[in-house]
Amino acid sequence: MDLTDIGSNQIARAGGKGAHLGELSRIEGVRVPPGFCVTTAAFERIVTPLIGEQAGAEIRRIVEAVELPDDLVAAITDRLFALGDKAACAVRSSATAEDLPTASFAGQHDSYLNVIGADAVLDAVRRCWASLFTDRAISYREHQGIDHRTVRMAVVVQRMVVPRAAGILFTADPVTSNRTIATVDAAFGLGEALVSGIVNADVYRVRSGEIIARTVSAKRLAVQARPEGGTEERAVEPERQEQPALTDAEVLRLVRLGRHIEAHFGRPQDIEWCLAGDEFQIVQSRPITTLFPVPVAGDDGNHVYVSVGHQQMMTDPLKPLGLAFWQMTTPRPMAEAGGRLFVDVTPILAVPASRDALIDGLGTRSDPLIGDALRTIVEREGFLPPPPAEGSPWTPPGSTAADPIEDGPALVTELTERVRASLAELARDIRTRTGVDLLDFIRADVQELRRIQAEPRNMQAIMAGMEANWWLNDHLLEWLGEKNTADTLSQSVAGNVTSEMGLALLDVADAIRPYPDAVNALERGSIEELPTVVRDAVRAYLDRYGMRCAGEIDITRPRWSERPAELAPMILSNIRNFEPGAHQRLFEEGRRQAEEKRRELVARLRELPDGESKAAETERMIDRVRTFSGYREFPKYHMISRYFLYKQALLEEADRLVRAGVLADREDIYHLRFDELREVVATRTVDDRLIGERKDAFATYRTLTPPRVLTSDGEVVTGSYRRGDLPPGALVGLPVSAGTVEGRARVVLDMAGADLEPGDILVTAYTDPSWTPAFLAVAGLVTEVGGLMTHGAVIAREYGLPAVVGVEHATRLIRDGQRIRVHGTDGYVEIL
């Protein structure tokens with residue numbers, strides 16, 4: 001097929017590169033070297049029959065030696081003649097799984113430049129086909145989860161451009177993701193010099209038609225075409241080495257062309273270009289696969305977005321139904337991007353009082369990296385709008401609390417019993433609802449959930465424990481020089497439903513331990529095969545905690561009650577690592593350490609000036625910590641319990657839709673918004689195409705890393721800890737649970753696959769309550785995401801585990817099995 005006959009929707013025939021080049025050739029004002037595509041039909045006819053069970057090297061040998069049929073040889077030869085007698089060509093791989101929004105496959109397949117003569121071109125076509133089976137291409141597909149059997153290879157053949165300069169244009173900054181900044185890399189000769197890394201490029205940054213930064217490098221080498229075919233490295237004349245490859249005018253003209261291409265494709269592009277004479281020719285354009293999408297704003301003003309996932313310890317994408325439920329539940333409006341939720345904090349940052357409260361709250365109590373990133377934005381002149389005439393649009397949580405709580409235990413009991421009664425009422429009433437009535441019932445009940453969560457005394461109880469914790473740490477550091485003393489004082493508090501969940505799994509292990517058949521069933525990963533004598537223990541655990549799971553804020557995630565086998569590794573770990581009765585022993589040990597610390601502190605305080613007063617106030621605050629800290633976990637337990645009741649009812653409704661032939665699969669409802677699901681239930685019709693698009697989008701979102709802070713320009717603004725008091729090579733984070741511990745790092749990304757032993761240090765991306773059972777088996781905790789009062793920090797303190805959270809890229813910088821030291825008091829990790 002001629003390139004001009006190919007459009008962007010023909011990836012299956014022309015591969016990613018061919019489809020994009022064909023589409024580029026149709027854009028007015030864009031010059032693409034002429035050429036044609038040997039389509040995937042040739043690959044399927046000639047190569048597919050040769051592929052058996054051989055290794056990649058053997059497949060390559062067979063393909064490179066295959067004899068091409070006469071009709072294909074004639075077709076290619078005729079097209080070559082049309083390009084010009086003895087014209088030099090670029091012969092380029094174009095697989096059906098490359099240059100995609102989710103996978104660029106950059107450099108994974110082979111291409112050949114300055115190929116002269118029909119025989120050489122035919123040989124290059126074979127080698128392009130064979131490059132689908134290089135070790136690097138096979139490995140890349142494995143990493144991307146792409147089935148090898150579904151991929152086909154087309155080959156693009158174009159008239160060779162011999163440029164005086166070439167390079168790459170990103171229409172968004174590839175480092176910061178800022179969509180308003182384009183970057184140009186340029187070098188002399190062919191672009192292969194840049195791709196292969198043999199030369200440093202000139203680099204330009206352009207915004208609003210102006211070059212805002214430039215770096216002109218010494219370019220000692222260039223890749224040039226050889227007269228007899230192929231390419232070679234040549235030295236650049238000394239007097240030219242430090243000359244720019246492009247003039248400023250050419251840079252700006254290239255960026256305008258890039259913006260034109262970006263507008264056509266509707267998203268930022270990674271563009272390969274050549275400058276021959278005075279004309280730019282485009283030899284490739286593909287989406288920039290690493291950019292995080294920008295939330296949609298209702299105006300053209302600047303906006304600043306803060307990640308909800310980094311606050312909720314769930315940075316994975318949520319499916320549409322999960323997004324909808326979270327937005328229905330939360331009182332604050334939230335924007336969506338990349339399957340994640342963000343809060344637009346622009347109005348808060350515009351007002352000095354609320355700005356300071358937000359940055360201080362995030363920077364000192366939650367996530368210092370978010371706080372520092374916001375501080376960076378505030379310091380940019382002219383980015384934020386002027387403050388409104390009226391007062392602050394926001395007050396920090398707890399700042400509007402009513403009178404101080406005195407009778408703490410009674411209040412906690414009242415609040416928890418009221419919630420449990422409400423859950424029992426919901427469980428009873430939701431069973432009778434079906435159809436549209438069910439959807440309307442759930443929508444109304446979400447308002448009841450919101451009412452309970454927003455009740456002033458609920459927030460008072462949460463803040464009472466948190467504020468007492470902060471008071472103790474601040475004052476005992478000042479009076480006694482002790483850091484993070486509240487961490488020890490908050491061990492084994494009563495009423496913490498999350499820490500109790502971890503300890504209760506020790507009781508399940510005790511019930512199973514005496515029965516070898518039950519242990520064998522667990523080792524096979526089966527809960528269903530457990531003997532009857534121990535099923536009651538598992539059932540009782542699931543009745544109380546089975547609504548929990550990893551990523552539980554997404555209502556669509558499978559719960560432990562739905563997949564109880566996910567608990568098997570943790571139960572086995574408990575059987576292996578603990579003696580019978582460990583639940584009570586561990587709890588009592590934590591309570592004893594807290595009480596001993598209390599007595600020690602009080603005694604030391606009484607020796608100070610005004611010591612009796614200091615000791616009395618400290619004892620009062622310790623009582624508040626031990627009364628209210630456990631309640632910190634209860635509101636989320638309530639929300640997740642309610643979500644599970646909604647989910648069970650909705651899945652029963654989905655089953656009815658499947659039986660009626662409306663849905664193909666019950667879990668298709670996860671890819672519908674709540675209102676869309678109600679419409680499907682009401683009309684008994686569904687848009688299968690929409691569900692398919694949503695599934696594809698979700699697969700794309702899973703490949704993206706969400707930023708903590710994002711602007712409406714698409715810029716990912718990163719923060720830092722700004723600390724200079726650390727040993728060389730230390731990984732800095734936020735100290736959330738005091739103590740220092742050394743041990744073997746176990747880098748675990750999925751709790752279901754955790755193989756933990758006593759003394760191990762758990763290193764993971766983030767933890768939510770579902771990870772609590774794993775905390776029992778380890779000596780310390782390191783996470784990439786987290787704050788002082790997030791769930792993992794609270795439970796680490798209660799279990800007495802030294803912990804550092806917010807360690808950027810911890811799961812990549814720390815290798816599984818390395819020995820590390822966690823400084824939970826000072827907030828850093830050393831790799832030993």
# chains A, B, ... in the order shown; residues from 1 in each chain; ligands from 1
>>> select_by_dssp(residues="range 525-743 of chain A", states="alpha helix (DSSP H)", output="PyMOL selection string")
chain A and resi 532-545+568-577+582-606+611-628+634-659+674-683+688-701
>>> select_by_dssp(residues="range 578-745 of chain A", states="strand (DSSP E)", output="list of chain:residue names")
A:Val709, A:Leu710, A:Thr711, A:Leu731, A:Val732, A:Leu734, A:Pro735, A:Val736, A:Ser737, A:Thr740, A:Val741, A:Glu742, A:Gly743, A:Arg744, A:Ala745
>>> write_last_selection(atoms="N, CA and C atoms", output="short mmCIF file (atom, residue, chain, number, x, y, z; two decimals), in the first residue's frame")
data_model
loop_
_atom_site.label_atom_id
_atom_site.label_comp_id
_atom_site.auth_asym_id
_atom_site.auth_seq_id
_atom_site.Cartn_x
_atom_site.Cartn_y
_atom_site.Cartn_z
N VAL A 709 1.22 16.06 42.56
CA VAL A 709 0.71 17.40 42.23
C VAL A 709 0.82 17.61 40.73
N LEU A 710 -0.24 18.12 40.13
CA LEU A 710 -0.34 18.29 38.69
C LEU A 710 -0.99 19.64 38.41
N THR A 711 -0.49 20.33 37.39
CA THR A 711 -1.12 21.60 37.01
C THR A 711 -1.95 21.42 35.75
N LEU A 731 18.23 6.99 51.72
CA LEU A 731 16.96 7.24 51.04
C LEU A 731 16.05 7.95 52.03
N VAL A 732 15.68 9.18 51.70
CA VAL A 732 14.95 10.00 52.66
C VAL A 732 13.45 9.77 52.54
N LEU A 734 9.58 10.06 55.32
CA LEU A 734 8.90 10.69 56.45
C LEU A 734 8.91 9.73 57.63
N PRO A 735 9.43 10.14 58.80
CA PRO A 735 9.40 9.25 59.96
C PRO A 735 7.99 9.16 60.53
N VAL A 736 7.45 7.93 60.62
CA VAL A 736 6.07 7.78 61.11
C VAL A 736 5.96 6.82 62.28
N SER A 737 6.98 6.02 62.53
CA SER A 737 6.95 5.10 63.66
C SER A 737 8.38 4.91 64.14
N THR A 740 14.80 1.96 65.30
CA THR A 740 15.75 1.62 64.24
C THR A 740 15.84 0.10 64.15
N VAL A 741 15.82 -0.42 62.94
CA VAL A 741 15.88 -1.86 62.76
C VAL A 741 16.66 -2.20 61.50
N GLU A 742 17.42 -3.29 61.55
CA GLU A 742 18.10 -3.82 60.38
C GLU A 742 17.46 -5.15 60.01
N GLY A 743 17.46 -5.45 58.72
CA GLY A 743 16.93 -6.73 58.29
C GLY A 743 16.98 -6.89 56.79
N ARG A 744 16.47 -8.02 56.34
CA ARG A 744 16.39 -8.32 54.91
C ARG A 744 15.20 -7.59 54.30
N ALA A 745 15.44 -6.85 53.24
CA ALA A 745 14.35 -6.17 52.54
C ALA A 745 13.56 -7.17 51.72
#
>>> atom_distance(atom1="CA of Met313 in chain A", atom2="CA of Leu291 in chain A")
21.8 Å
>>> residues_around(residues="range 511-517 of chain A", least_positions_apart="6", cutoff="12 Å", atoms="only C-alpha atoms", output="PyMOL selection string")
chain A and resi 504-505+523-524+526-527+529-541+568+571-581
>>> closest_residue(among="A:Val199, A:Leu323, A:Leu438, A:Val294", to="Ser177 in chain A", atoms="only C-alpha atoms")
A:Val294
>>> residues_around(residues="Val91 in chain A", least_positions_apart="4", cutoff="6 Å", atoms="only C-alpha atoms", output="list in words")
Ser111, Tyr112, Val156 and Val157 of chain A
>>> residues_around(residues="Arg450 in chain A", least_positions_apart="5", cutoff="10 Å", atoms="only C-alpha atoms", output="JSON, numbers by chain")
{"A": [328, 329, 330, 331, 445, 455, 639]}
>>> write_last_selection(atoms="N, CA, C and O atoms", output="PDB file, in the first residue's frame")
ATOM      1  N   MET A 328     -19.470  10.217  44.830  1.00  0.00           N
ATOM      2  CA  MET A 328     -20.750  10.339  45.527  1.00  0.00           C
ATOM      3  C   MET A 328     -20.549  10.432  47.039  1.00  0.00           C
ATOM      4  O   MET A 328     -21.333  11.082  47.744  1.00  0.00           O
ATOM      5  N   THR A 329     -19.498   9.789  47.538  1.00  0.00           N
ATOM      6  CA  THR A 329     -19.280   9.704  48.974  1.00  0.00           C
ATOM      7  C   THR A 329     -18.622  10.954  49.540  1.00  0.00           C
ATOM      8  O   THR A 329     -18.962  11.414  50.623  1.00  0.00           O
ATOM      9  N   THR A 330     -17.671  11.495  48.819  1.00  0.00           N
ATOM     10  CA  THR A 330     -16.878  12.600  49.365  1.00  0.00           C
ATOM     11  C   THR A 330     -17.627  13.925  49.242  1.00  0.00           C
ATOM     12  O   THR A 330     -18.313  14.161  48.247  1.00  0.00           O
ATOM     13  N   PRO A 331     -17.495  14.803  50.228  1.00  0.00           N
ATOM     14  CA  PRO A 331     -18.164  16.102  50.143  1.00  0.00           C
ATOM     15  C   PRO A 331     -17.456  17.091  49.230  1.00  0.00           C
ATOM     16  O   PRO A 331     -18.051  18.080  48.812  1.00  0.00           O
ATOM     17  N   ASP A 445     -28.919   5.935  50.302  1.00  0.00           N
ATOM     18  CA  ASP A 445     -28.145   5.467  51.450  1.00  0.00           C
ATOM     19  C   ASP A 445     -26.741   6.062  51.466  1.00  0.00           C
ATOM     20  O   ASP A 445     -26.150   6.238  52.538  1.00  0.00           O
ATOM     21  N   GLU A 455     -20.700  13.901  60.629  1.00  0.00           N
ATOM     22  CA  GLU A 455     -21.196  14.327  61.943  1.00  0.00           C
ATOM     23  C   GLU A 455     -20.056  14.966  62.732  1.00  0.00           C
ATOM     24  O   GLU A 455     -18.961  14.399  62.836  1.00  0.00           O
ATOM     25  N   MET A 639     -17.231   2.849  56.078  1.00  0.00           N
ATOM     26  CA  MET A 639     -17.479   3.140  54.671  1.00  0.00           C
ATOM     27  C   MET A 639     -17.300   1.891  53.809  1.00  0.00           C
ATOM     28  O   MET A 639     -18.128   1.586  52.939  1.00  0.00           O
TER      29      MET A 639
END
>>> residues_around(residues="Glu279 in chain A", least_positions_apart="6", cutoff="10 Å", atoms="only C-alpha atoms", output="PyMOL selection string")
chain A and resi 31+163+250+254
>>> write_last_selection(atoms="C-alpha atoms", output="PDB file, in the first residue's frame")
ATOM      1  CA  ARG A  31       6.053  16.643   4.370  1.00  0.00           C
ATOM      2  CA  PRO A 163      19.578  15.678   6.018  1.00  0.00           C
ATOM      3  CA  GLU A 250      14.251  26.991  12.321  1.00  0.00           C
ATOM      4  CA  LEU A 254       9.739  23.229  13.693  1.00  0.00           C
TER       5      LEU A 254
END
>>> closest_residue(among="A:Lys597, A:Arg179, A:Arg226, A:Arg220", to="Arg207 in chain A", atoms="only C-alpha atoms")
A:Arg179
>>> closest_residue(among="A:Ile622, A:Ile452, A:Ile76, A:Val162", to="Met466 in chain A", atoms="only C-alpha atoms")
A:Ile622
>>> closest_atom_pairs(of="range 66-94 of chain A", to="range 229-234 of chain A", cutoff="12 Å", atoms="only C-alpha atoms", output="JSON lines")
{"residue": "A:Lys86", "atom": "CA", "partner": "A:Gly229", "partner_atom": "CA", "distance": 10.8}
{"residue": "A:Ala87", "atom": "CA", "partner": "A:Gly229", "partner_atom": "CA", "distance": 10.4}
{"residue": "A:Ala88", "atom": "CA", "partner": "A:Gly229", "partner_atom": "CA", "distance": 7.5}
{"residue": "A:Cys89", "atom": "CA", "partner": "A:Gly229", "partner_atom": "CA", "distance": 9.3}
{"residue": "A:Ala90", "atom": "CA", "partner": "A:Gly230", "partner_atom": "CA", "distance": 9.8}
{"residue": "A:Val91", "atom": "CA", "partner": "A:Gly230", "partner_atom": "CA", "distance": 11.3}
>>> write_last_selection(atoms="C-alpha atoms", output="compact mmCIF listing (two decimals), in the first residue's frame")
# COMPACT_ATOMS: atom_id res chain seq x y z
CA LYS A 86 18.45 3.12 -7.70
CA ALA A 87 16.94 5.38 -5.05
CA ALA A 88 18.31 4.93 -1.55
CA CYS A 89 15.63 3.80 0.89
CA ALA A 90 14.88 3.59 4.57
CA VAL A 91 13.40 0.18 5.40
>>> closest_atom_pairs(of="range 591-674 of chain A", to="range 769-788 of chain A", cutoff="10 Å", atoms="only C-alpha atoms", output="Markdown table")
| residue | atom | partner | partner_atom | distance |
| --- | --- | --- | --- | --- |
| A:Glu633 | CA | A:Pro769 | CA | 8.7 |
| A:Lys636 | CA | A:Pro769 | CA | 9.3 |
| A:Tyr637 | CA | A:Pro769 | CA | 8.9 |
>>> atom_distance(atom1="CA of Trp470 in chain A", atom2="CA of Tyr766 in chain A")
23.1 Å
>>> closest_residue(among="A:Phe383, A:Phe43, A:Tyr721, A:Phe280", to="Glu808 in chain A", atoms="only C-alpha atoms")
A:Tyr721
>>> closest_residue(among="A:Arg365, A:Arg819, A:His583, A:Arg159", to="Ser492 in chain A", atoms="only C-alpha atoms")
A:His583
>>> closest_residue(among="A:Ala263, A:Ile359, A:Ile795, A:Leu663", to="Glu500 in chain A", atoms="only C-alpha atoms")
A:Ile795
>>> residues_around(residues="Val184 in chain A", least_positions_apart="3", cutoff="7 Å", atoms="only C-alpha atoms", output="list in words")
Ile168, Leu169, Phe170, Val203, Tyr204 and Arg205 of chain A
>>> atom_distance(atom1="CA of Pro387 in chain A", atom2="CA of Ala335 in chain A")
21.7 Å
